[in-house]
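Taking it in order: structure first as structure tokens, then the write-up.
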Amino acid sequence: MNTATAPAEAFNAVATAAIWTTVCTLDDLIPRTGACALVRGKQIAVVRPNDSDQLYALSNYDPFSKAFVISRGIVGDKGGIPKITSPIYKQGFDLRSGQCLDDPTVKLPTYPVRVVNGQVELLA
Amino acid sequence: MISQKNLVVIGNGMVGHRFLELAVEAGLNHSFNIITFCEEPRYAYDRVYLSSYFSGKTAEDLSLLSKPDYYQANGIHVHLGDKATLIDRAAKTVTSANGVTLSYDVLVLATGSFPFVPPIPGNDAKGCFVYRTIEDLDAMKAWAAKCTTGVVIGGGLLGLECASALKNMGLKTNVVEFAPRLMTVQVDDGGGALLKNKIESLGVKVHLNKSTTNIAKKDDGTVDKLVFADKSELPTEMVVFSAGIRPRDELAKSSGLLMGQRGGVVVDDNCRTSDPAIFAIGEVALHQNRIYGLVAPGYHMAKVAVDAIGGAPKPATFTGFHMSTKLKLMGVDVGSFGDAFAATPGSHVVAFTDSKNEVYKKLVLSPDRKTLLGGILVGDASTYGSLHQFMLNKVALPPNPEDLILPVRDGGKPVGMGPEHLPDAATICSCHNVTKGTICDAITQQKCMEVGAIKSCTKAGTGCGSCVTLMKDILKYELKRAGVEVKNHVCEHFPYSRQELYSLVRLHSHKTFEALIAAHGTGLGCEICKPTVGSILASAWNDHILEKKHAPLQDTNDRFLANIQRDGTYSVIPRVAGGEITPDQLIALGVVAKKYNLYSKITGGQRVDLFGARVEQLPFIWEELIAAGFESGHAYGKALRTVKSCVGSTWCRFGVQDAVGLAITVENRYKGLRSPHKLKSAVSGCARECAEAQSKDFGIIATDKGYNLYVCGNGGMKPQHAQLLAADLSEAEVIKYTDRFLMFYVRTADRLERTAWWFNKLDGGMDYLKDVILNDKLDICAELEREMQHVVDTYQDEWKTAVNDPQKRKQFRAFINSDAADPSVVMASERGQPRPATWDEKVEIMSTLVPT
Ligand code: SRM
Ligand SMILES: Cc1cc2nc3c(=O)[nH]c(=O)nc-3n(C[C@H](O)[C@H](O)[C@H](O)COP(=O)(O)OP(=O)(O)OC[C@H]3O[C@@H](n4cnc5c(N)ncnc54)[C@H](O)[C@@H]3O)c2cc1C
Ligand code: SF4
Ligand code: FES
């Protein structure tokens with residue numbers, strides 16, 4: 001498939017095989033918060049739930065408010081399940097699976113994420 | 001094992017679905033193949049709350065299925081989007097529009113009803129609608145987007161709901177009713193007049209005694225106007241018919257079942273039709289010459305039919321139903337139940353009308369005045385639940401039944417109507433037939449401590465919703481009786497109330513959330529305790545809230561020092577102390593708004609709000625505002641908002657003090673103070689009170705001798721007047737007592753508790769508050785003043801610090817790896833200003849962005 005895209009299509013998710021992309025350094029992520037990365041048109045919330053290099057990545061799209069805001073939510077846990085809460089209507093999402101904790105029918109896509117030599121990489 | 005017998009249900013509406021649920025509960029899915037025909041393109045949804053589709057609920061939100069795969073999981077086969085077209089009773093088969101033919105052993109008709117469209121010439125004009133399905137609403141929405149006016153024909157329960165929906169879509173809305181009053185079925189003349197006033201005060205024009213004779217069309221076939229029998233006319237671009245319902249009995253009729261004279265499938269007390277293999281339930285069924293157009297009787301019929309089909313040992317029967325309804329419109333309280341029109345021979349009526357407060361209440365009593373037969377409530381339906389229960393359970397009335405509806409005079413005690421008066425057998429939820437006993441069991445045996453838990457445990461409250469208030473009362477009463485201390489813990493992470501956390505922070509000088517949770521809590525925290533502790537730390541130590549250690553605690557508004565909007569953009573509100581603003585500042589606001597294409601609006605708080613800023617634009621916008629002399633308005637924080645003022649003695653011929661001057665002093669003193677909830681204030685220059693100080697958390701009104709200080713007022717959801725704390729104060733005294741008052745509130749209130757709510761729970765009321773603030777009864781005033789002075793001395797403009805500190809400024813980006821803007825933020829234009837594009841307007845771009 002031709003992967004050269006016109007500039008106007010830069011945001012459109014192109015259906016090519018996922019690749020690892022470096023998005024920032026670990027230090028760029030404030031512990032206990034999220035930030036949004038833009039990877040080949042996809043908006044991905046990268047969440048750092050504590051001081052360590054443990055990270056989670058899930059879609060930044062909040063299906064309840066239909067806005068791209070998940071990364072701006074509060075990070076915490078519910079009965080030990082690590083979660084992020086949508087900043088608009090406050091639904092919680094399991095950071096590990098993307099499962100919505102308030103509505104069993106909703107699940108956010110998740111993405112593999114890793115730290116290599118202090119660089120944060122996403123597979124998307 | 002595959003069973004051989006087929007149970008076929010035609011219609012997958014509210015009652016059809018309830019039937020299937022009850023059939024599964026009774027195990028009928030093991031003895032039958034259950035197959036259902038669903039004409040609509042989606043499974044059963046909550047028609048009762050259909051109107052909420054206009055206020056943002058989606059079709060999925062309205063779905064009645066407990067799980068999306070509920071039918072599959074229980075072996076129920078659904079023919080979705082397929083309509084049954086023929087019943088062959090001799091062959092015992094059903095044929096559908098898609099060509100399916102199935103044999104049945106038992107057939108259930110749950111086809112509901114359709115909206116009646118009066119045979120008025122022109123009723124087929126483009127722009128004429130009915131209000132029954134999600135598709136109807138989609139069509140109305142699309143059409144309404146191009147209109148400015150609309151008419152609802154029919155002023156019944158549904159018509160009024162529909163009118164409110166049109167109104168909310170921004171149309172100039174009219175209701176046309178043939179009868180001399182609204183809601184003729186539920187409300188009598190006494191209540192009707194009040195109801196009309198209430199509806200009109202919502203901005204809906206009501207036309208009574210109007211018989212529509214013609215709907216005139218424009219050349220292109222669209223609706224032009226209504227013409228009435230009295231020759232008057234009403235121009236409109238849209239018409240919705242809500243003139244009653246008719247049973248969808250066409251299938252039954254063509255198959256030769258016994259029908260009522262005016263339609264409806266005749267059923268007996270077991271919901272069986274004239275053919276013993278066929279049942280009819282819900283709005284299509286005619287029982288003793290009556291059609292029931294409500295869910296509760298339909299749900300009961302579903303139960304009756306399941307019992308009959310399953311051969312239950314003690315089958316429920318349908319012997320009629322008390323009709324009761326409550327209108328679901330915000331701001332219009334109407335309830336009607338039982339024999340509301342006193343049709344019972346020998347019955348008595350007691351009624352109460354208060355035209356000033358627009359309240360009408362009527363009770364219909366049994367001939368011996370011992371029990372309640374029915375009633376009507378307009379303007380105040382808060383006792384609907386209890387009165388309805390009095391009727392259903394034939395509870396003996398107090399000696400003077402009128403006490404149940406008369407307002408309580410000062411010092412008097414309300415007549416006991418609490419849940420303790422109801423027997424355990426009392427049906428609390430008639431939709432799901434749940435008794436008080438079952439609810440009490442859920443509370444005491446199954447440990448349901450919140451209404452939500454009772455709902456999922458018993459289903460009570462999940463139908464029409466009218467019983468929820470009563471459920472709450474029962475819960476409260478039962479918890480109290482069981483001696484359960486209603487815990488005030490902020491959340492699962494801290495076994496403490498906000499007040500206790502505040503003391504712990506002060507006592508141990510905890511400076512961070514991490515330190516506090518390590519010492520006194522468990523887990524990682526959540527969206528409840530983090531902002532609560534963030535606010536406490538700010539009240540106590542006043543660090544910048546975006547310090548690395550504090551940023552993760554802040555709710556999104558505080559986190560970005562701006563208020564988030566529905567599309568993920570933010571609004572910007574600079575402080576305009578006392579509402580005083582220079583021409584140059586006005587120009588500066590205009591320049592910034594224009595440059596960043598921001599929607600501009602004067603707020604209700606005497607300042608200007610600029611909407612639609614993208615997150616990465618915020619620091620740039622603020623840089624320019626700061627250069628023009630503005631600072632943060634804290635509209636995003638649980639903090640001091642505005643101190644409104646009137647022009648006062650400087651200009652006004654009545655003013656006795658400089659209201660603007662004092663308002664500016666007060667606003668500048670308390671700006672930045674973080675508190676349990678937002679704080680608002682106002683200063684008026686004389687007793688005429690143009691600044692509305694008595695609706696504020698603290699309000700100041702000028703007198704000849706100085707100022708009166710009022711506290712604990714509230715506008716908003718539940719308005720409450722502020723009360724006088726002290727009179728004829730000097731400016732210095734105003735500040736001293738306000739310092740004490742505010743810090744005492746910050747110390748002791750619960751999270752998200754405005755001063756008025758806090759005050760209402762304060763033991764000892766105003767006398768106690770005066771003792772603490774004026775007489776220093778607790779010996780804490782010096783401390784309170786010191787704590788306030790610390791906050792005042794450490795004030796910084798949060799925005800100025802944020803734009804000048806690279807570390808903080810970095811947090812304001814849409815993407816951590818790109819300077820691009822979020823492409824999902826799209827603006828449209830309205831009245832010459834930007835507004836967020838609707839989903840439909842930006843569907844193309846969204847379809848490329850939303851992950852699948
Ligand atoms: C902008 C404004 C409406 C306007 O266009 O005029 C407004 C807008 C909001 N109000 Fe308000 N209120 C605004 C004046 C008011 C007033 C009038 C006043 O202050 O004189 C009231 C009634 C007075 C009172 O609060 O006692 C008011 C009572 C509320 C309430 C109900 C509070 C209550 O105790 O019942 C809420 C909900 C809440 O705070 O929980 C609320 C909440 C909100 C929120 C924050 C809702 C939200 O979470 O998104 C709105 C967001 C503002 C934004 O995005 O910028 N707003 N709101 C007004 C901003 C004033 C300002 O300059 O800061
Ligand atoms: C806006 C609105 C507000 C309301 N508010 C209230 C309220 O506050 N309180 C209250 O008690 N009630 C209220 N109601 C009434 C309540 O919704 C109805 O009483 C209830 O939906 C009746 O259920 P039903 O299953 O009999 O009919 P419906 O819910 O109408 O279901 C019938 C279904 O059968 C389908 N069908 C018909 N014929 C066929 C066929 N031949 N083949 C296949 N499918 C077929 C129809 O398409 C429909 O989906 C309201 C109704 C509306 C429209
Ligand atoms: S409150 Fe009194 S001083 Fe202020 S504007 Fe009104 S009339 Fe004038
Ligand atoms: S009475 Fe309708 S939900 Fe309970």
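How things are named: the first chain in the structure tokens is A, the next is B, and so on; residues count from 1 in each chain; ligands count from 1 in the order shown.
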
Per-residue nearest contacts of chain A to chain B (6 Å; only C-alpha atoms) as JSON lines:
```
{"residue": "A:Asn12", "atom": "CA", "partner": "B:Thr848", "partner_atom": "CA", "distance": 5.7}
{"residue": "A:Val23", "atom": "CA", "partner": "B:Asn817", "partner_atom": "CA", "distance": 5.3}
{"residue": "A:Arg32", "atom": "CA", "partner": "B:Pro552", "partner_atom": "CA", "distance": 5.8}
{"residue": "A:Thr33", "atom": "CA", "partner": "B:Pro552", "partner_atom": "CA", "distance": 5.5}
{"residue": "A:Cys36", "atom": "CA", "partner": "B:Phe815", "partner_atom": "CA", "distance": 5.0}
{"residue": "A:Ala37", "atom": "CA", "partner": "B:Phe815", "partner_atom": "CA", "distance": 5.1}
{"residue": "A:Ala67", "atom": "CA", "partner": "B:Asp567", "partner_atom": "CA", "distance": 5.4}
{"residue": "A:Ile74", "atom": "CA", "partner": "B:Glu527", "partner_atom": "CA", "distance": 5.6}
{"residue": "A:Gly76", "atom": "CA", "partner": "B:Cys526", "partner_atom": "CA", "distance": 4.5}
{"residue": "A:Asp77", "atom": "CA", "partner": "B:Leu524", "partner_atom": "CA", "distance": 5.5}
{"residue": "A:Pro87", "atom": "CA", "partner": "B:Thr556", "partner_atom": "CA", "distance": 5.8}
```

Mind dumping the selected residues with N, CA and C atoms as a JSON list (two decimals), in the first residue's frame?
```json
[["chain", "number", "residue", "atom", "x", "y", "z"],
["A", 12, "ASN", "N", -5.69, 11.72, 9.32],
["A", 12, "ASN", "CA", -6.50, 10.53, 9.13],
["A", 12, "ASN", "C", -5.70, 9.29, 9.47],
["A", 23, "VAL", "N", 7.28, 9.20, 21.56],
["A", 23, "VAL", "CA", 6.44, 10.39, 21.69],
["A", 23, "VAL", "C", 7.00, 11.44, 22.66],
["A", 32, "ARG", "N", 1.28, 10.55, 38.15],
["A", 32, "ARG", "CA", -0.12, 10.63, 38.56],
["A", 32, "ARG", "C", -0.98, 11.51, 37.66],
["A", 33, "THR", "N", -0.52, 11.73, 36.41],
["A", 33, "THR", "CA", -1.36, 12.45, 35.45],
["A", 33, "THR", "C", -1.29, 11.74, 34.11],
["A", 36, "CYS", "N", -1.73, 13.64, 26.28],
["A", 36, "CYS", "CA", -2.19, 13.07, 25.02],
["A", 36, "CYS", "C", -1.07, 13.08, 23.98],
["A", 37, "ALA", "N", -0.88, 11.94, 23.30],
["A", 37, "ALA", "CA", 0.10, 11.88, 22.21],
["A", 37, "ALA", "C", -0.65, 11.74, 20.89],
["A", 67, "ALA", "N", -15.88, 13.91, 23.06],
["A", 67, "ALA", "CA", -14.76, 14.84, 22.92],
["A", 67, "ALA", "C", -13.45, 14.10, 23.24],
["A", 74, "ILE", "N", -8.67, 12.83, 36.09],
["A", 74, "ILE", "CA", -7.94, 12.55, 37.32],
["A", 74, "ILE", "C", -7.59, 11.06, 37.36],
["A", 76, "GLY", "N", -6.42, 7.64, 39.41],
["A", 76, "GLY", "CA", -6.54, 7.10, 40.77],
["A", 76, "GLY", "C", -6.88, 5.63, 40.71],
["A", 77, "ASP", "N", -7.62, 5.13, 41.68],
["A", 77, "ASP", "CA", -8.03, 3.74, 41.63],
["A", 77, "ASP", "C", -9.41, 3.56, 42.23],
["A", 87, "PRO", "N", -12.93, 13.86, 32.41],
["A", 87, "PRO", "CA", -13.13, 15.15, 33.04],
["A", 87, "PRO", "C", -14.50, 15.77, 32.77]]
```

Check which residues of chain B sit at most 6 Å from ligand 4 using only C-alpha atoms and all ligand atoms, and return one row each with the closest pair of atoms and their distance in Å to one decimal, ordered by chain and rising number, as a tab-separated table.
```
residue	atom	partner	partner_atom_place_in_ligand_line	distance
B:Cys429	CA	ligand 4	4 (Fe)	3.5
B:Ser430	CA	ligand 4	1 (S)	4.3
B:Cys431	CA	ligand 4	2 (Fe)	4.2
B:Ala460	CA	ligand 4	4 (Fe)	5.1
B:Gly461	CA	ligand 4	3 (S)	3.6
B:Thr462	CA	ligand 4	3 (S)	4.6
B:Gly463	CA	ligand 4	3 (S)	3.5
B:Cys464	CA	ligand 4	2 (Fe)	3.7
B:Gly465	CA	ligand 4	3 (S)	3.9
B:Ser466	CA	ligand 4	1 (S)	5.3
B:Cys467	CA	ligand 4	4 (Fe)	4.5
```

So, counting only C-alpha atoms and all ligand atoms, which residue among B:Val334, B:Phe32, B:Ala139, B:Lys225 is closest to ligand 2? B:Val334

So, counting only C-alpha atoms and all ligand atoms, which residue among B:Gln694, B:Asn33, B:Asn214, B:Thr353 is closest to ligand 3?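 Checking each of B:Gln694, B:Asn33, B:Asn214, B:Thr353 against ligand 3, counting only C-alpha atoms and all ligand atoms, the winner is B:Gln694.
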
Collect all residues with atoms no farther than 7 Å from ligand 2, counting only C-alpha atoms and all ligand atoms, and output them as JSON, numbers by chain. {"B": [10, 11, 12, 13, 14, 15, 16, 37, 38, 39, 40, 44, 47, 48, 49, 50, 51, 82, 83, 84, 85, 110, 111, 112, 113, 131, 132, 133, 158, 161, 162, 248, 251, 281, 282, 283, 284, 293, 294, 295, 296, 298, 325, 326, 327, 328, 464]}

Could you check the closest approach to ligand 3 for each of B:Ser684, B:Gln723, B:Thr458, B:Gln389 and tell me which residue wins, using only C-alpha atoms and all ligand atoms?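 Between B:Ser684, B:Gln723, B:Thr458, B:Gln389, the residue approaching ligand 3 most closely is B:Ser684.
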